[in-house]
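The structure file data.csv is reproduced below (CSV, C-alpha atoms).
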chain,number,residue,atom,x,y,z
A,773,MET,CA,-27.9,-91.4,70.9
A,774,PRO,CA,-30.4,-88.7,71.7
A,775,ALA,CA,-29.2,-85.9,74.0
A,776,TRP,CA,-31.6,-86.7,76.8
A,777,LEU,CA,-30.5,-90.3,77.0
A,778,GLU,CA,-26.9,-89.2,77.3
A,779,VAL,CA,-27.8,-86.8,80.1
A,780,ALA,CA,-29.7,-89.5,81.9
A,781,ILE,CA,-26.9,-92.0,81.7
A,782,ARG,CA,-24.3,-89.4,82.8
A,783,SER,CA,-26.5,-88.2,85.7
A,784,ILE,CA,-27.0,-91.7,87.0
A,785,CYS,CA,-23.3,-92.6,86.7
A,786,ILE,CA,-22.3,-89.4,88.4
A,787,LEU,CA,-24.8,-89.9,91.1
A,788,ILE,CA,-23.4,-93.3,91.9
A,789,GLY,CA,-19.9,-91.9,91.7
A,790,LEU,CA,-20.7,-89.0,94.0
A,791,PHE,CA,-22.3,-91.4,96.5
A,792,ILE,CA,-19.1,-93.4,96.7
A,793,ILE,CA,-17.0,-90.2,97.0
A,794,THR,CA,-19.1,-88.9,99.9
A,795,LYS,CA,-18.7,-92.3,101.7
A,796,LEU,CA,-15.0,-92.0,101.1
A,797,LEU,CA,-14.8,-88.4,102.5
A,798,GLY,CA,-16.6,-89.6,105.6
A,799,LYS,CA,-18.7,-87.9,108.3
A,800,LYS,CA,-16.1,-85.2,108.9
A,801,GLN,CA,-17.1,-83.5,105.7
A,802,LEU,CA,-20.6,-83.1,107.0
A,803,SER,CA,-19.5,-81.0,109.9
A,804,LYS,CA,-17.7,-78.6,107.6
A,805,LEU,CA,-14.9,-78.5,110.1
A,806,SER,CA,-12.7,-76.1,108.0
A,807,PHE,CA,-13.4,-73.6,105.3
A,808,PHE,CA,-11.3,-75.6,102.9
A,809,GLU,CA,-13.4,-78.7,103.3
A,810,TYR,CA,-16.5,-76.6,102.9
A,811,ILE,CA,-15.3,-75.3,99.6
A,812,VAL,CA,-14.2,-78.7,98.4
A,813,GLY,CA,-17.7,-80.0,99.1
A,814,ILE,CA,-19.4,-77.2,97.1
A,815,THR,CA,-16.9,-77.5,94.2
A,816,ILE,CA,-17.4,-81.3,93.8
A,817,GLY,CA,-21.1,-80.7,93.7
A,818,ASP,CA,-20.7,-78.0,91.1
A,819,ILE,CA,-18.5,-80.1,88.9
A,820,ALA,CA,-20.8,-83.0,89.1
A,821,GLY,CA,-23.8,-80.8,88.2
A,822,THR,CA,-22.1,-79.2,85.2
A,823,MET,CA,-20.8,-82.6,84.0
A,824,SER,CA,-24.2,-84.2,84.0
A,825,MET,CA,-25.8,-81.3,82.1
A,826,ASP,CA,-23.1,-80.0,79.8
A,827,LEU,CA,-22.6,-82.4,77.0
A,828,ASP,CA,-19.7,-80.4,75.6
A,829,ILE,CA,-17.5,-81.5,78.5
A,830,ARG,CA,-16.0,-84.9,77.9
A,831,LEU,CA,-16.5,-87.4,80.7
A,832,THR,CA,-12.8,-88.2,81.0
A,833,GLU,CA,-12.0,-84.6,81.7
A,834,GLY,CA,-14.8,-84.2,84.2
A,835,VAL,CA,-13.9,-87.4,86.0
A,836,THR,CA,-10.3,-86.4,86.3
A,837,SER,CA,-11.3,-83.1,87.8
A,838,ILE,CA,-13.7,-84.7,90.3
A,839,LEU,CA,-11.2,-87.3,91.3
A,840,ILE,CA,-8.6,-84.7,92.1
A,841,TRP,CA,-11.0,-82.6,94.1
A,842,ALA,CA,-12.2,-85.6,96.0
A,843,LEU,CA,-8.9,-87.4,96.6
A,844,PHE,CA,-6.9,-84.3,97.6
A,845,PRO,CA,-8.9,-83.8,100.9
A,846,VAL,CA,-8.7,-87.5,101.6
A,847,ALA,CA,-4.9,-87.3,101.3
A,848,ILE,CA,-4.8,-84.2,103.5
A,849,SER,CA,-6.9,-85.7,106.2
A,850,HIS,CA,-4.6,-88.8,106.2
A,851,ILE,CA,-1.5,-86.7,106.6
A,852,SER,CA,-3.3,-84.5,109.2
A,853,LEU,CA,-3.9,-87.6,111.3
A,854,ARG,CA,-0.2,-88.2,111.6
A,855,SER,CA,1.3,-84.8,111.9
A,856,LYS,CA,0.2,-82.1,114.4
A,857,LYS,CA,2.2,-79.4,112.6
A,858,PHE,CA,0.5,-80.1,109.3
A,859,ARG,CA,-2.9,-80.2,110.9
A,860,ASP,CA,-2.3,-76.8,112.4
A,861,PHE,CA,-1.3,-75.5,109.0
A,862,VAL,CA,-4.3,-77.0,107.2
A,863,GLU,CA,-7.1,-76.6,109.7
A,864,GLY,CA,-5.8,-73.5,111.5
A,865,ASN,CA,-5.7,-72.7,115.1
A,866,SER,CA,-8.3,-71.3,117.4
A,867,THR,CA,-7.9,-67.7,118.5
A,868,VAL,CA,-8.5,-66.6,122.1
A,869,PHE,CA,-10.9,-63.7,122.3
A,870,ILE,CA,-11.6,-63.4,126.0
A,871,LYS,CA,-9.1,-64.5,128.7
A,872,ASN,CA,-9.4,-64.1,132.5
A,873,GLY,CA,-12.6,-62.2,131.8
A,874,LYS,CA,-10.9,-59.6,129.6
A,875,ILE,CA,-11.4,-59.1,125.9
A,876,LEU,CA,-8.2,-59.3,123.8
A,877,GLU,CA,-8.7,-56.5,121.3
A,878,ASP,CA,-5.6,-57.4,119.3
A,879,ASN,CA,-6.8,-60.9,118.6
A,880,LEU,CA,-10.2,-59.5,117.6
A,881,LYS,CA,-8.5,-57.2,115.1
A,882,LYS,CA,-6.4,-60.1,113.8
A,883,GLU,CA,-9.6,-62.1,113.0
A,884,LYS,CA,-11.4,-59.0,111.7
A,885,TYR,CA,-14.0,-59.3,114.3
A,886,THR,CA,-15.9,-56.1,115.5
A,887,ALA,CA,-17.2,-55.7,119.0
A,888,ASP,CA,-20.7,-56.0,117.6
A,889,GLU,CA,-20.0,-59.3,116.0
A,890,LEU,CA,-18.4,-60.6,119.2
A,891,LEU,CA,-21.5,-59.6,121.2
A,892,GLU,CA,-23.7,-61.2,118.6
A,893,GLN,CA,-21.8,-64.5,118.9
A,894,LEU,CA,-22.0,-64.3,122.7
A,895,ARG,CA,-25.7,-63.7,122.5
A,896,LYS,CA,-26.2,-66.8,120.3
A,897,LYS,CA,-24.7,-68.7,123.2
A,898,ASP,CA,-27.2,-67.1,125.6
A,899,VAL,CA,-24.6,-64.8,127.1
A,900,PHE,CA,-25.7,-61.2,127.3
A,901,ARG,CA,-23.1,-59.9,129.8
A,902,VAL,CA,-19.5,-60.0,128.7
A,903,ALA,CA,-18.5,-59.9,132.4
A,904,ASP,CA,-20.0,-63.4,132.8
A,905,VAL,CA,-17.4,-64.9,130.5
A,906,GLU,CA,-14.1,-66.2,131.8
A,907,PHE,CA,-12.7,-67.5,128.6
A,908,ALA,CA,-13.8,-67.5,125.0
A,909,THR,CA,-12.1,-68.7,121.9
A,910,LEU,CA,-12.9,-68.6,118.1
A,911,GLU,CA,-12.5,-72.1,116.8
A,912,ALA,CA,-11.0,-72.8,113.4
A,913,ASN,CA,-14.5,-73.4,111.9
A,914,GLY,CA,-15.7,-70.0,113.0
A,915,ASP,CA,-17.7,-71.0,116.1
A,916,LEU,CA,-17.2,-69.2,119.4
A,917,SER,CA,-16.7,-71.4,122.4
A,918,ILE,CA,-17.3,-70.0,125.8
A,919,LEU,CA,-16.4,-70.9,129.3
A,920,LEU,CA,-18.5,-69.1,131.8
A,921,LYS,CA,-17.3,-67.9,135.2
A,922,ARG,CA,-17.8,-70.6,137.9
A,923,ASP,CA,-20.7,-68.8,139.6
A,924,LYS,CA,-22.5,-68.3,136.3
A,925,GLN,CA,-22.3,-71.9,135.1
A,926,PRO,CA,-25.5,-74.0,135.0
A,927,LEU,CA,-26.2,-76.2,138.0
A,928,THR,CA,-25.4,-79.9,137.6
A,929,ILE,CA,-26.4,-82.9,139.7
A,930,GLY,CA,-22.8,-83.2,140.9
A,931,ASP,CA,-23.0,-79.8,142.5
A,932,ILE,CA,-25.9,-80.8,144.8
A,933,LYS,CA,-25.2,-84.5,145.5
A,934,PRO,CA,-21.9,-85.7,146.7
A,935,TYR,CA,-22.3,-89.1,144.9
A,936,VAL,CA,-24.3,-89.9,141.8
A,937,PRO,CA,-24.0,-93.4,140.3
A,938,GLU,CA,-23.2,-93.7,136.6
A,939,GLU,CA,-26.1,-94.5,134.3
A,940,LYS,CA,-25.5,-96.5,131.2
A,941,GLU,CA,-27.2,-95.9,127.9
A,942,PRO,CA,-30.7,-97.4,127.5
A,943,GLN,CA,-31.0,-100.2,124.9
A,944,THR,CA,-33.8,-100.2,122.3
A,945,VAL,CA,-35.1,-103.8,122.4
A,946,ILE,CA,-38.3,-103.5,120.3
A,947,MET,CA,-38.7,-101.5,117.1
A,948,ASP,CA,-41.8,-101.5,114.8
A,949,GLY,CA,-43.2,-104.5,116.7
A,950,LYS,CA,-40.1,-106.6,116.2
A,951,ILE,CA,-37.6,-107.7,118.8
A,952,LEU,CA,-34.0,-106.6,118.3
A,953,ASP,CA,-31.8,-109.4,119.7
A,954,GLU,CA,-28.5,-107.7,119.7
A,955,PRO,CA,-29.4,-104.8,122.0
A,956,LEU,CA,-31.3,-107.2,124.2
A,957,ALA,CA,-28.1,-109.3,124.6
A,958,THR,CA,-26.1,-106.2,125.4
A,959,ALA,CA,-28.6,-105.5,128.2
A,960,ARG,CA,-27.9,-109.1,129.3
A,961,LEU,CA,-31.6,-110.0,128.9
A,962,ASN,CA,-33.4,-112.4,126.7
A,963,ARG,CA,-36.7,-112.9,124.8
A,964,GLY,CA,-38.2,-114.8,127.6
A,965,TRP,CA,-37.7,-111.9,130.0
A,966,LEU,CA,-39.1,-109.5,127.5
A,967,LYS,CA,-42.2,-111.5,126.8
A,968,GLN,CA,-42.8,-111.9,130.6
A,969,GLN,CA,-42.5,-108.1,131.1
A,970,LEU,CA,-44.9,-107.4,128.3
A,971,ASP,CA,-47.3,-109.9,129.6
A,972,GLN,CA,-47.2,-108.2,133.0
A,973,MET,CA,-48.1,-104.9,131.3
A,974,GLY,CA,-50.8,-106.7,129.2
A,975,VAL,CA,-49.5,-105.7,125.8
A,976,ALA,CA,-48.7,-107.8,122.7
A,977,ILE,CA,-45.4,-107.4,121.0
A,978,GLU,CA,-47.2,-106.5,117.7
A,979,ASN,CA,-48.7,-103.4,119.4
A,980,VAL,CA,-45.4,-102.1,120.6
A,981,PHE,CA,-43.8,-99.4,118.4
A,982,LEU,CA,-40.7,-98.9,120.5
A,983,ALA,CA,-39.5,-100.4,123.8
A,984,GLN,CA,-36.3,-99.5,125.7
A,985,VAL,CA,-34.6,-101.0,128.7
A,986,ASP,CA,-32.6,-98.7,131.0
A,987,SER,CA,-29.5,-99.6,133.0
A,988,TYR,CA,-31.6,-100.9,135.9
A,989,GLY,CA,-33.5,-103.4,133.7
A,990,GLN,CA,-36.7,-101.3,133.7
A,991,LEU,CA,-38.8,-101.6,130.5
A,992,THR,CA,-40.5,-98.6,129.0
A,993,VAL,CA,-42.8,-99.0,125.9
A,994,ASP,CA,-44.5,-96.8,123.4
A,995,LEU,CA,-47.5,-98.4,121.8
A,996,TYR,CA,-49.1,-97.8,118.4
A,997,ASP,CA,-52.4,-97.1,120.2
A,998,ASP,CA,-51.7,-93.8,122.0
A,999,ARG,CA,-55.0,-94.0,123.9
A,1000,ILE,CA,-53.8,-96.9,126.1
A,1001,GLN,CA,-52.2,-95.5,129.3
A,1002,LEU,CA,-49.3,-97.6,130.7
A,1003,PRO,CA,-47.9,-97.0,134.1
A,1004,GLU,CA,-44.3,-95.8,134.5
A,1005,PRO,CA,-42.0,-98.4,136.0
A,1006,GLN,CA,-42.1,-98.0,139.8
A,1007,GLN,CA,-40.0,-100.9,141.0
A,1008,LYS,CA,-37.2,-98.7,142.4
A,1009,GLN,CA,-39.6,-96.3,144.2
A,1010,LEU,CA,-41.6,-99.2,145.6
A,1011,LEU,CA,-38.4,-100.9,146.9
A,1012,LEU,CA,-37.3,-97.7,148.6
A,1013,ALA,CA,-40.8,-97.3,150.2
A,1014,SER,CA,-40.9,-100.9,151.5
A,1015,MET,CA,-37.4,-100.6,152.9
A,1016,LYS,CA,-38.5,-97.5,154.8
A,1017,LYS,CA,-41.5,-99.5,156.0
A,1018,ALA,CA,-39.2,-102.3,157.2
A,1019,GLU,CA,-37.2,-99.8,159.1
A,1020,ALA,CA,-40.3,-98.4,160.8
A,1021,ASP,CA,-41.5,-101.9,161.6
A,1022,PHE,CA,-38.2,-102.7,163.4
A,1023,GLU,CA,-38.4,-99.5,165.4
A,1024,LEU,CA,-42.1,-100.1,166.3
A,1025,PHE,CA,-41.3,-103.7,167.5
A,1026,SER,CA,-38.4,-102.5,169.6
A,1027,LEU,CA,-40.8,-100.1,171.4
A,1028,GLN,CA,-43.5,-102.7,171.8
A,1029,THR,CA,-41.5,-105.6,173.2
A,1030,ASN,CA,-40.6,-106.1,176.9
A,1031,ASP,CA,-37.9,-108.6,176.1
A,1032,ALA,CA,-34.5,-106.8,176.5
A,1033,GLU,CA,-32.7,-109.1,174.1
A,1034,ALA,CA,-35.4,-108.8,171.4
A,1035,LYS,CA,-35.4,-105.0,171.9
A,1036,GLN,CA,-31.7,-104.8,171.3
A,1037,MET,CA,-32.0,-107.0,168.2
A,1038,TYR,CA,-34.8,-104.9,166.7
A,1039,GLU,CA,-32.9,-101.7,167.4
A,1040,GLN,CA,-29.8,-103.1,165.8
A,1041,GLN,CA,-31.8,-104.2,162.7
A,1042,ALA,CA,-33.4,-100.8,162.4
A,1043,LYS,CA,-30.1,-99.1,162.4
A,1044,HIS,CA,-28.8,-101.6,159.9
A,1045,MET,CA,-31.8,-100.9,157.6
A,1046,GLN,CA,-31.2,-97.2,157.9
A,1047,GLN,CA,-27.7,-97.5,156.7
A,1048,LEU,CA,-28.8,-99.7,153.9
A,1049,ILE,CA,-31.4,-97.1,152.8
A,1050,GLN,CA,-28.7,-94.4,152.8
A,1051,LYS,CA,-26.4,-96.6,150.8
A,1052,LEU,CA,-29.0,-97.5,148.2
A,1053,GLN,CA,-30.7,-94.1,147.9
A,1054,PRO,CA,-28.5,-92.7,145.1
A,1055,PHE,CA,-29.4,-95.8,143.0
A,1056,LEU,CA,-33.1,-95.7,143.7
A,1057,MET,CA,-33.8,-92.0,143.2
B,980,MET,CA,-53.8,-108.4,165.2
B,981,THR,CA,-51.2,-110.0,167.5
B,982,ILE,CA,-47.6,-109.1,167.7
B,983,GLY,CA,-46.8,-112.5,166.2
B,984,SER,CA,-48.7,-111.8,163.0
B,985,GLN,CA,-47.3,-108.3,162.7
B,986,VAL,CA,-43.8,-109.7,162.8
B,987,LYS,CA,-44.8,-112.2,160.2
B,988,GLN,CA,-46.1,-109.5,158.0
B,989,SER,CA,-42.8,-107.7,158.4
B,990,LEU,CA,-41.0,-110.8,157.5
B,991,ALA,CA,-43.0,-111.1,154.3
B,992,ASN,CA,-42.1,-107.5,153.5
B,993,MET,CA,-38.4,-108.2,154.1
B,994,LYS,CA,-38.6,-111.2,151.7
B,995,ALA,CA,-40.2,-109.0,149.1
B,996,ILE,CA,-37.3,-106.5,149.5
B,997,HIS,CA,-34.8,-109.3,149.2
B,998,ALA,CA,-36.4,-110.6,146.0
B,999,THR,CA,-36.5,-107.1,144.4
B,1000,LEU,CA,-32.9,-106.4,145.3
B,1001,GLN,CA,-31.9,-109.8,143.8
B,1002,GLN,CA,-33.8,-109.0,140.6
B,1003,LEU,CA,-32.2,-105.5,140.4
B,1004,ALA,CA,-28.8,-107.0,141.0
B,1005,LEU,CA,-29.4,-109.4,138.0
B,1006,THR,CA,-30.9,-106.9,135.6
B,1007,SER,CA,-28.7,-103.9,136.2
B,1008,THR,CA,-26.0,-103.3,133.5
B,1009,ASN,CA,-24.1,-100.9,135.7
B,1010,GLU,CA,-21.5,-102.8,137.7
B,1011,GLU,CA,-21.5,-100.4,140.5
B,1012,ALA,CA,-25.3,-100.7,140.9
B,1013,GLN,CA,-25.0,-104.4,140.6
B,1014,ARG,CA,-22.6,-104.7,143.5
B,1015,ALA,CA,-24.6,-102.3,145.7
B,1016,PHE,CA,-27.8,-104.2,145.1
B,1017,HIS,CA,-26.0,-107.6,145.7
B,1018,GLU,CA,-24.5,-106.4,149.0
B,1019,ALA,CA,-27.8,-105.0,150.1
B,1020,MET,CA,-29.4,-108.3,149.3
B,1021,LEU,CA,-26.9,-110.2,151.4
B,1022,GLU,CA,-27.6,-107.9,154.3
B,1023,THR,CA,-31.3,-108.3,154.1
B,1024,GLU,CA,-30.7,-112.0,154.4
B,1025,GLN,CA,-29.3,-111.4,157.9
B,1026,MET,CA,-32.4,-109.3,158.8
B,1027,ILE,CA,-34.7,-112.1,157.6
B,1028,ALA,CA,-32.8,-114.6,159.7
B,1029,ALA,CA,-33.1,-112.3,162.8
B,1030,LEU,CA,-36.9,-111.9,162.2
B,1031,LYS,CA,-37.3,-115.7,161.8
B,1032,GLY,CA,-35.5,-116.3,165.1
B,1033,ARG,CA,-37.8,-113.8,166.8
B,1034,ILE,CA,-40.9,-115.5,165.3
B,1035,SER,CA,-39.9,-118.9,166.6
B,1036,THR,CA,-39.3,-117.4,170.1
B,1037,LEU,CA,-42.7,-115.8,170.0
B,1038,GLU,CA,-44.4,-119.1,168.9
B,1039,ARG,CA,-42.7,-120.9,171.7
B,1040,GLU,CA,-43.9,-118.4,174.2
B,1041,GLU,CA,-47.4,-118.2,172.9
B,1042,PRO,CA,-48.2,-121.4,171.1
B,1043,GLN,CA,-51.9,-120.5,170.7
B,1044,TYR,CA,-50.9,-118.0,168.0
B,1045,LYS,CA,-48.8,-120.5,166.1
B,1046,GLY,CA,-49.2,-120.3,162.3
B,1047,MET,CA,-51.2,-117.1,162.4
Write the structure described by the file as structure tokens, please.
Amino acid sequence: MPAWLEVAIRSICILIGLFIITKLLGKKQLSKLSFFEYIVGITIGDIAGTMSMDLDIRLTEGVTSILIWALFPVAISHISLRSKKFRDFVEGNSTVFIKNGKILEDNLKKEKYTADELLEQLRKKDVFRVADVEFATLEANGDLSILLKRDKQPLTIGDIKPYVPEEKEPQTVIMDGKILDEPLATARLNRGWLKQQLDQMGVAIENVFLAQVDSYGQLTVDLYDDRIQLPEPQQKQLLLASMKKAEADFELFSLQTNDAEAKQMYEQQAKHMQQLIQKLQPFLM
Amino acid sequence: MTIGSQVKQSLANMKAIHATLQQLALTSTNEEAQRAFHEAMLETEQMIAALKGRISTLEREEPQYKGM
């Protein structure tokens, strides 16, 4: 057998083997959660590379080595799932660097971190003033996690509005011009509804590259032809506007009528409508 | 435009609101939103009933504008 053929066969077999091993190791390996897992990844790759090129190495020896390197982390992660103590030993603990706004120099020294490196890590997280940090900890994988002081934290909707309704994830219902039935069913809609919506917009399904439904049942589409302008869904804004118009109508009628009973009825309905608008506003904004 | 036709316009507007609320109640996947829209829809039904009552009174008082 010529050398190149053996290399080819080896490479293909190892490629398939590696593919299976990576599936076995799972997604956690991708995040390189610990230094150990990082090294295991590199070593497996190196062994596989050498094995496919170096014909002096017998396949049995290489495979044994790879299997040990691959199965050991799998075993470790299985034990880690069960025992917290083992997990702490294998994956390591996080080290607190800043607590109550004060830098803990002893911990810095323990992790061999200089003040410059700490500042650099803080800057990477957009923090330029150490005084803004309430709490910072060095994770087992070497990332620095930061909790800013309350007055330096970014503003969220919850800070301004007392009540914000939940929003569910949007469902992608058309991809590459084809209807995806499963997400459509998750959104509790059907093909008939989708066709009707597209007809209203005046687009054919074949022209739609991507379409999504949000948690209010509003459809947004992206077409292959980017020159066509489609309006944003405005159903909710329109509803709010017409509810405000109805309230104004009731108030107007109550001023215009001379009938005392009707006047009272209109005033009551106007107040009713006002309450309704207030109640629905968070959902319609 | 007479008062009668204005009230009728307002009734049409209310019916549109009712329909939109009903549609949103059906298509929303968020349960909280569903409930809010549904309750609002029921309340608009009362308003529609009140408006209809007023329209029939108006038509009785001024039969010449009936149907306008």
- Message: Residues within 12 Å of range 1007-1019 of chain B, please, as a PyMOL selection string. Count all atoms listed in the file; anything in the same chain fewer than 2 positions from it doesn't count.
- Response: (chain A and resi 936-943+956-961+985-991+1008+1011+1015+1044-1056) or (chain B and resi 993+996-1005+1021-1026)
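Coordinates place CA of Leu853 in chain A at a distance of 25.0 Å from CA of Ser837 in chain A.
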Computed gap from CA of Lys871 in chain A to CA of Asp915 in chain A is 16.6 Å
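Straight-line separation from CA of Lys896 in chain A to CA of Leu916 in chain A: 9.4 Å.
Of the residues listed (A:Glu778, A:Lys1017, A:Lys921, A:Phe1025), A:Glu778 shows the shortest atom-to-atom separation from Arg830 in chain A; distances use all atoms listed in the file.
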From the list A:Ala1020, A:Ile819, A:Ile870, A:Leu910, the nearest residue to chain B using all atoms listed in the file is A:Ala1020
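Remark: for chain B, the closest of the candidate residues A:Tyr996, A:Trp965, A:Phe844, A:Phe807 is A:Trp965 (distances computed over only C-alpha atoms).
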Note to self: Give me the residues near Val846 in chain A as a ChimeraX atom specification, where near means some atom within 12 Å (using all atoms listed in the file) and where sequence neighbours in that chain fewer than 2 positions away do not count.
What the structure shows: /A:793-798,800-801,809,812-813,839-844,848-853
Neighbours of Val980 in chain A within 8 Å (all atoms listed in the file; same-chain residues fewer than 6 positions away dropped), as a PyMOL selection string?
chain A and resi 946-949+993-996
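Near Ile875 in chain A, within 12 Å and counting all atoms listed in the file, sit A:Thr867, A:Val868, A:Phe869, A:Lys881, A:Tyr885, A:Thr886, A:Ala887, A:Leu890, A:Leu891, A:Val902, A:Ala903, A:Asp904, A:Val905, A:Glu906, A:Phe907, A:Ala908, A:Thr909; same-chain residues fewer than 6 positions away were not included.
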Would you save the residues from that selection as a PDB file, keeping the file's coordinate frame, using C-alpha atoms?
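Output file part-v1.pdb follows:
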ATOM      1  CA  THR A 867      -7.900 -67.700 118.500  1.00  0.00           C
ATOM      2  CA  VAL A 868      -8.500 -66.600 122.100  1.00  0.00           C
ATOM      3  CA  PHE A 869     -10.900 -63.700 122.300  1.00  0.00           C
ATOM      4  CA  LYS A 881      -8.500 -57.200 115.100  1.00  0.00           C
ATOM      5  CA  TYR A 885     -14.000 -59.300 114.300  1.00  0.00           C
ATOM      6  CA  THR A 886     -15.900 -56.100 115.500  1.00  0.00           C
ATOM      7  CA  ALA A 887     -17.200 -55.700 119.000  1.00  0.00           C
ATOM      8  CA  LEU A 890     -18.400 -60.600 119.200  1.00  0.00           C
ATOM      9  CA  LEU A 891     -21.500 -59.600 121.200  1.00  0.00           C
ATOM     10  CA  VAL A 902     -19.500 -60.000 128.700  1.00  0.00           C
ATOM     11  CA  ALA A 903     -18.500 -59.900 132.400  1.00  0.00           C
ATOM     12  CA  ASP A 904     -20.000 -63.400 132.800  1.00  0.00           C
ATOM     13  CA  VAL A 905     -17.400 -64.900 130.500  1.00  0.00           C
ATOM     14  CA  GLU A 906     -14.100 -66.200 131.800  1.00  0.00           C
ATOM     15  CA  PHE A 907     -12.700 -67.500 128.600  1.00  0.00           C
ATOM     16  CA  ALA A 908     -13.800 -67.500 125.000  1.00  0.00           C
ATOM     17  CA  THR A 909     -12.100 -68.700 121.900  1.00  0.00           C
TER      18      THR A 909
END
How about completing range 925-944 of chain A with N, CA and C atoms and giving it to me as a PDB file, in the frame of the given file?
ATOM      1  N   GLN A 925     -22.059 -70.676 135.823  1.00  0.00           N
ATOM      2  CA  GLN A 925     -22.300 -71.900 135.100  1.00  0.00           C
ATOM      3  C   GLN A 925     -23.546 -72.598 135.559  1.00  0.00           C
ATOM      4  N   PRO A 926     -24.205 -73.297 134.631  1.00  0.00           N
ATOM      5  CA  PRO A 926     -25.500 -74.000 135.000  1.00  0.00           C
ATOM      6  C   PRO A 926     -25.213 -75.040 136.065  1.00  0.00           C
ATOM      7  N   LEU A 927     -26.236 -75.242 136.889  1.00  0.00           N
ATOM      8  CA  LEU A 927     -26.200 -76.200 138.000  1.00  0.00           C
ATOM      9  C   LEU A 927     -26.216 -77.629 137.451  1.00  0.00           C
ATOM     10  N   THR A 928     -25.353 -78.500 137.950  1.00  0.00           N
ATOM     11  CA  THR A 928     -25.400 -79.900 137.600  1.00  0.00           C
ATOM     12  C   THR A 928     -25.710 -80.748 138.821  1.00  0.00           C
ATOM     13  N   ILE A 929     -26.083 -82.024 138.586  1.00  0.00           N
ATOM     14  CA  ILE A 929     -26.400 -82.900 139.700  1.00  0.00           C
ATOM     15  C   ILE A 929     -25.212 -83.023 140.657  1.00  0.00           C
ATOM     16  N   GLY A 930     -24.016 -83.084 140.058  1.00  0.00           N
ATOM     17  CA  GLY A 930     -22.800 -83.200 140.900  1.00  0.00           C
ATOM     18  C   GLY A 930     -22.594 -82.104 141.840  1.00  0.00           C
ATOM     19  N   ASP A 931     -23.183 -80.908 141.551  1.00  0.00           N
ATOM     20  CA  ASP A 931     -23.000 -79.800 142.500  1.00  0.00           C
ATOM     21  C   ASP A 931     -23.846 -79.976 143.739  1.00  0.00           C
ATOM     22  N   ILE A 932     -24.982 -80.670 143.616  1.00  0.00           N
ATOM     23  CA  ILE A 932     -25.900 -80.800 144.800  1.00  0.00           C
ATOM     24  C   ILE A 932     -25.578 -82.087 145.547  1.00  0.00           C
ATOM     25  N   LYS A 933     -25.411 -83.187 144.789  1.00  0.00           N
ATOM     26  CA  LYS A 933     -25.200 -84.500 145.500  1.00  0.00           C
ATOM     27  C   LYS A 933     -23.765 -84.857 145.468  1.00  0.00           C
ATOM     28  N   PRO A 934     -23.288 -85.362 146.602  1.00  0.00           N
ATOM     29  CA  PRO A 934     -21.900 -85.700 146.700  1.00  0.00           C
ATOM     30  C   PRO A 934     -21.562 -86.948 145.798  1.00  0.00           C
ATOM     31  N   TYR A 935     -22.540 -87.844 145.650  1.00  0.00           N
ATOM     32  CA  TYR A 935     -22.300 -89.100 144.900  1.00  0.00           C
ATOM     33  C   TYR A 935     -23.458 -89.381 143.987  1.00  0.00           C
ATOM     34  N   VAL A 936     -23.212 -89.474 142.707  1.00  0.00           N
ATOM     35  CA  VAL A 936     -24.300 -89.900 141.800  1.00  0.00           C
ATOM     36  C   VAL A 936     -23.762 -91.071 140.988  1.00  0.00           C
ATOM     37  N   PRO A 937     -24.506 -92.199 141.033  1.00  0.00           N
ATOM     38  CA  PRO A 937     -24.000 -93.400 140.300  1.00  0.00           C
ATOM     39  C   PRO A 937     -24.119 -93.148 138.790  1.00  0.00           C
ATOM     40  N   GLU A 938     -23.228 -93.843 138.061  1.00  0.00           N
ATOM     41  CA  GLU A 938     -23.200 -93.700 136.600  1.00  0.00           C
ATOM     42  C   GLU A 938     -24.515 -94.364 136.056  1.00  0.00           C
ATOM     43  N   GLU A 939     -24.962 -93.845 134.937  1.00  0.00           N
ATOM     44  CA  GLU A 939     -26.100 -94.500 134.300  1.00  0.00           C
ATOM     45  C   GLU A 939     -25.676 -94.838 132.860  1.00  0.00           C
ATOM     46  N   LYS A 940     -25.873 -96.109 132.515  1.00  0.00           N
ATOM     47  CA  LYS A 940     -25.500 -96.500 131.200  1.00  0.00           C
ATOM     48  C   LYS A 940     -26.605 -96.169 130.186  1.00  0.00           C
ATOM     49  N   GLU A 941     -26.252 -96.236 128.897  1.00  0.00           N
ATOM     50  CA  GLU A 941     -27.200 -95.900 127.900  1.00  0.00           C
ATOM     51  C   GLU A 941     -28.347 -96.897 127.824  1.00  0.00           C
ATOM     52  N   PRO A 942     -29.593 -96.449 127.612  1.00  0.00           N
ATOM     53  CA  PRO A 942     -30.700 -97.400 127.500  1.00  0.00           C
ATOM     54  C   PRO A 942     -30.571 -98.158 126.146  1.00  0.00           C
ATOM     55  N   GLN A 943     -31.065 -99.388 126.127  1.00  0.00           N
ATOM     56  CA  GLN A 943     -31.000-100.200 124.900  1.00  0.00           C
ATOM     57  C   GLN A 943     -32.436-100.246 124.314  1.00  0.00           C
ATOM     58  N   THR A 944     -32.523-100.071 122.989  1.00  0.00           N
ATOM     59  CA  THR A 944     -33.800-100.200 122.300  1.00  0.00           C
ATOM     60  C   THR A 944     -34.010-101.666 121.952  1.00  0.00           C
TER      61      THR A 944
END
